[in-house]
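Working notes, beginning with the structure itself.
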Amino acid sequence: MSAAPGALLAVVRGPAGLGLADGERAWAVPAAGPAAAARVLADLERERSPRWVWWSAREVLGPLAGHGGRDDRPPHLARAWDVAAVHRLVAGGGDDGPAAARAVACGLAPSAAPSPGQLDLGGDGGVPDGDGDDPVRPDGHLRPEWVDGSWADTPGRAARWAAAALGTAGLQRERLVATAGEHAVVTAWSESAAAVLAVELEASGVPFDVAAARRAVEAVVGPLPEDEAGAARSRAARDAPLQRLLGPGPTGAPVDLRSPAQVLDALARAGLDLPDTRSWRLERLAEEPGAPAVLRSLVAWRQAERLAVAHGPRWLAEHVAGGRLRAAWSASDGGAGRMTASAGVHSIPRELRDAVRAEPGHLLVRADLGQVEPRVLAVVSGDPALARDAAEDDLYAPVAARLRVARDVAKVAVLAAMYGQTSGAAGATMAAMERSYPRAVAMLVDAARRGAAGEDVRTAGGRLVRVPAVEEVPVEAGPAALERYRARLAGRGRFARNAVVQGSAAELFKAWAATVRARLAADGSGAVVLCLHDELLLHVREEDADAVAAGVVADLGTSAARWCRAVGGPPVRFTADVAVVDRWSRAKG
DNA sequence: TGCGTTTTGTTT
DNA sequence: GATTAAACAAAACGCA
């Protein structure tokens with residue numbers, strides 16, 4: 001659902017309750033195409049600092065993102081109330097369209113929400129689609145004929161659609177405060193800003209040198225093919241040496257290296273009995289003295305195959321254009337509301353980071369948070385000892401001292417506590433963790449208990465995290481089925497335990513990212529081009545790079561302090577490592 | 001043939 | 001004896 005060029009763009013200013021001094025006003029802006037819409041937005045921005053209210057940033061800004069200059073974005077655009085983003089916060093994900101968001105905001109069942117094309121049965125049975133219609137039915141739901149994007153047909157409809165967004169935002173706010181608490185309003189703001197950022201990330205992409213990427217892949221894989229036939233030839237050439245080492249399969253045909261089952265059989269014939277062919281297992285075996293040459297060859301083949309398939313010519317053609325790697329971005333996805341991206345942007349292998357390069361006259365600023373998760377744990381649990389330890393640059397040093405173990409052991413112990421690991425050396429240090437950080441551990445244990453019991457949990461900022469359903473097992477089920485059931489419950493416990501930390505960390509990160517975004521947009525020094533859970537990659541003008549690097553650290557100070565206050569935790573110190581580089585690969589980390 | 005599951009691998 | 005979280009993505013496998 002997006003406004004086509006030449007259609008209308010609905011822009012709304014919100015009421016005081018949404019963070020404004022101004023009264024309610026709904027705007028419907030006629031826009032002859034994205035460029036005109038961008039000018040209108042820029043004009044409106046000059047009026048004093050509104051908080052925009054929209055059904056979703058994607059709908060309103062998507063059509064004009066990328067217009068008006070790559071690095072030229074209205075700074076206050078992200079001061080918004082994004083109904084879809086707030087709905088995901090309130091409802092814990094799922095369908096975030098206007099109909100579902102409206103239903104939940106009204107306390108109605110989202111399943112009863114109308115969908116486009118559906119007969120309108122729930123209302124007054126009035127006139128179906130007149131210009132004078134209200135998008136909202138008397139029962140609170142949206143009218144189905146409004147949900148299909150036709151709000152953009154006339155100025156009158158756009159204005160009413162905008163007003164409905166405003167009304168929904170008000171209801172949402174009440175609901176949010178009632179279910180998650182007053183502090184969740186602050187989260188709603190930063191999540192809305194992240195939604196704007198997601199649209200911008202999608203439009204801008206990551207500066208990417210295709211030729212450098214090809215070279216990096218070729219260094220491992222060999223010359224890249226030009227077409228399908230060439231691809232088949234180079235695959236065969238890659239396979240042949242290893243196939244000769246493995247010998248023929250039972251049918252006499254060469255082993256299909258892409259079939260785990262066939263590779264497993266072939267290894268068994270070579271006298272290697274393995275439970276699976278995971279590369280870490282193969283690597284460990286290959287490193288042993290006297291290991292057969294096949295193993296080393298197989299490990300190398302796997303590495304090349306992976307790179308060729310995941311980041312070969314097809315991937316480059318599909319996702320890189322005009323010197324930018326582009327992906328679809330979600331501002332809050334998954335169990336805990338992290339930002340996610342398609343095209344494998346969050347798992348670009350190290351070899352390829354050399355291809356992420358600043359454009360002429362620009363530099364990259366890479367900033368990553370140090371030890372975010374334990375610091376976030378200190379905030380959300382309010383554990384005084386952990387909060388004190390966070391004062392150090394290296395949080396694990398004082399932890400090691402308290403636990404009376406080596407730093408590495410301490411680090412594993414903290415991570416294991418957050419992930420719910422109970423076996424091995426990490427399990428053994430749990431008792432010491434509990435003694436040293438009773439509040440932190442108690443909070444984690446409580447989240448795990450609630451998750452295992454099927455109760456939903458909330459992040460520090462108030463996001464609802466739904467634990468996955470686990471199918472009940474009848475009492476008379478066999479021991480294997482009962483064991484699987486128990487394992488699922490435990491898995492759900494670990495999920496919930498992790499989600500409260502990971503999800504809260506995502507909220508802190510987004511608050512920081514939004515602050516940095518506003519800084520860059522305000523002075524036109526550049527743009528955020530990549531968000532990687534605890535890492536920001538900025539593309540900035542060369543002459544501004546050092547100032548931006550300093551600014552990013554300052555922004556962390558202010559946004560982290562604000563976040564700690566908002567969620568009612570102690571003022572925990574957060575740190576960031578910042579590097580100014582021309583290529584991503586040159587920033588260590 | 002098509003669709004869902006399993007295996008594998010990369011990142012945080 | 002096991003049981004560290006999340007994500008995206010491709011190809012093989014298994015079943016109807």
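By order in the structure tokens, chains are A, B, ...; within a chain, residues start at 1; ligands start at 1, following the order shown.
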Set the cut-off to 9 Å and count only C-alpha atoms (C1' of nucleotides): what are the residues of chain A that reach chain B? Output as a list in words. Pro260, Thr277, Arg278, Ser279, Arg306, Gly344, Val345, His346, Ser347, Ile348, Pro349, Leu532, His533, Asp534 and Glu535 of chain A
Using only C-alpha atoms (C1' of nucleotides), find the residues of chain A whose closest atom to chain C is at most 9 Å away, then write them as a ChimeraX atom specification. /A:258-260,309-310,334-336,338,340-347,415-423,487,490-491,494-495,497-499,502
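For the pair CA of Arg450 in chain A and CA of Trp563 in chain A, the interatomic distance is 25.0 Å.
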